[in-house]
Amino acid sequence: MLTLNGKNYQNTDELFHDAIAMNMVIPDIEKAKFEKYARLQKIGRLLQIPLPLAVLEIRVKNPNQAEHGQLKISDSWVRNQYTWQQQCMVLTNFASGTFGSGLYSMKSTAGTIKSTACHIFFASPESGVSGYYAAANDDTKGILVGTSTTVESLDHFAIQALIPNGNGAGELAYNACGVTKTWESVGKTWTGAWKRIINNNSGGTITVNECVLYIHLLNNFVYPGNAVYRIYMTNRDKLASGEAILDAGQLTVTYNIVITFP
């Protein structure tokens, strides 16, 4: 079904058992979603339809506390993700200069709407200029966290209340964002697990309520090589309950992006 912490899971019972053993909280509504997706995977194989899945994993290490966390299906892919995915499949330019329901465009984290050029070009997406990769101390792309409890919206294009990088009050220190790739031959699943470790050196407690994925994409290319990149949000997840990161505590956020092949 999916790969989590380097282990391949073929059924939800095994996943839930291990999650409980690791002190991970999975609300009943999330358990129901996992079980529904497992059934959907089987149908996808029969119909020869590859199925995407994103699982958000939160781990918290606080001083003098047992390690704990949360596990949920990231069911909040935003409009940018769906539009970009469709554009890559059909290989067409975007068709609208405005953004919203029934329109075919993307909106950057800066609010810029792109409606023409193709966004399928990457340069070293695992460690370089584009993709979900982010270097240490970079709070402009990759996995980021915030304090907002605003409910997810399909039309969100940026984190609602970013916790900035740093070691001062209200800041968190972002390590580099990297990926681990796993192929599971029995279940025919390919997993790219993007992970970021974030430390609290602020001197106080900071509560994380939202997690996002920002992608760095080639927005335009003008010969002979004047590349223009923009950053777009593809996922925003509001946590079921906020995670308090104590001073000297550490937060690890992982987006497990899974594709099940027919």
# chains A, B, ... in the order shown; residues from 1 in each chain; ligands from 1

call {"tool": "select_by_dssp", "arguments": {"residues": "range 13-77 of chain A", "states": "alpha helix (DSSP H)", "output": "list in words"}}
result
Asp13, Glu14, Leu15, Phe16, His17, Asp18, Ala19, Ile20, Ala21, Asp28, Ile29, Glu30, Lys31, Ala32, Lys33, Phe34, Glu35, Lys36, Tyr37, Ala38, Arg39, Leu40, Gln41, Lys42, Ile43, Gly44, Arg45, Leu46 and Leu47 of chain A

call {"tool": "select_by_dssp", "arguments": {"residues": "range 89-253 of chain A", "states": "strand (DSSP E or B)", "output": "PyMOL selection string"}}
result
chain A and resi 106-107+113-114+131+134+142-146+162+165+172-184+189-199+206-222+226-245+250-253

call {"tool": "closest_residue", "arguments": {"among": "A:Leu144, A:Ile206, A:Gln85, A:Leu154", "to": "Glu171 in chain A", "atoms": "only C-alpha atoms"}}
result
A:Ile206

call {"tool": "residues_around", "arguments": {"residues": "Ile73 in chain A", "least_positions_apart": "2", "cutoff": "9 Å", "atoms": "only C-alpha atoms", "output": "PyMOL selection string"}}
result
chain A and resi 30+33-34+53-57+71+75-76

call {"tool": "residues_around", "arguments": {"residues": "Gly242 in chain A", "least_positions_apart": "4", "cutoff": "8 Å", "atoms": "only C-alpha atoms", "output": "ChimeraX atom specification"}}
result
/A:207-209

call {"tool": "write_last_selection", "arguments": {"atoms": "N, CA and C atoms", "output": "CSV table (one decimal), in the first residue's frame"}}
result
chain,number,residue,atom,x,y,z
A,207,THR,N,3.7,26.5,18.6
A,207,THR,CA,2.7,25.5,18.3
A,207,THR,C,2.5,25.5,16.8
A,208,VAL,N,2.7,24.4,16.2
A,208,VAL,CA,2.5,24.2,14.7
A,208,VAL,C,1.1,23.6,14.4
A,209,ASN,N,0.4,24.3,13.6
A,209,ASN,CA,-1.0,23.9,13.2
A,209,ASN,C,-1.2,23.6,11.7

call {"tool": "residues_around", "arguments": {"residues": "Asn175 in chain A", "least_positions_apart": "2", "cutoff": "12 Å", "atoms": "only C-alpha atoms", "output": "MDAnalysis selection string"}}
result
chainID A and resid 133:139 141:144 165:166 172:173 177:178 195:200 250:253

call {"tool": "closest_residue", "arguments": {"among": "A:Thr189, A:Asn64, A:Gln87, A:Gln70", "to": "Thr260 in chain A", "atoms": "only C-alpha atoms"}}
result
A:Thr189

call {"tool": "residues_around", "arguments": {"residues": "range 156-160 of chain A", "least_positions_apart": "5", "cutoff": "7 Å", "atoms": "only C-alpha atoms", "output": "list in words"}}
result
Val78, Lys107, Ser108, Thr109, Gly146, Ser148, Val212, Tyr232 and Met233 of chain A
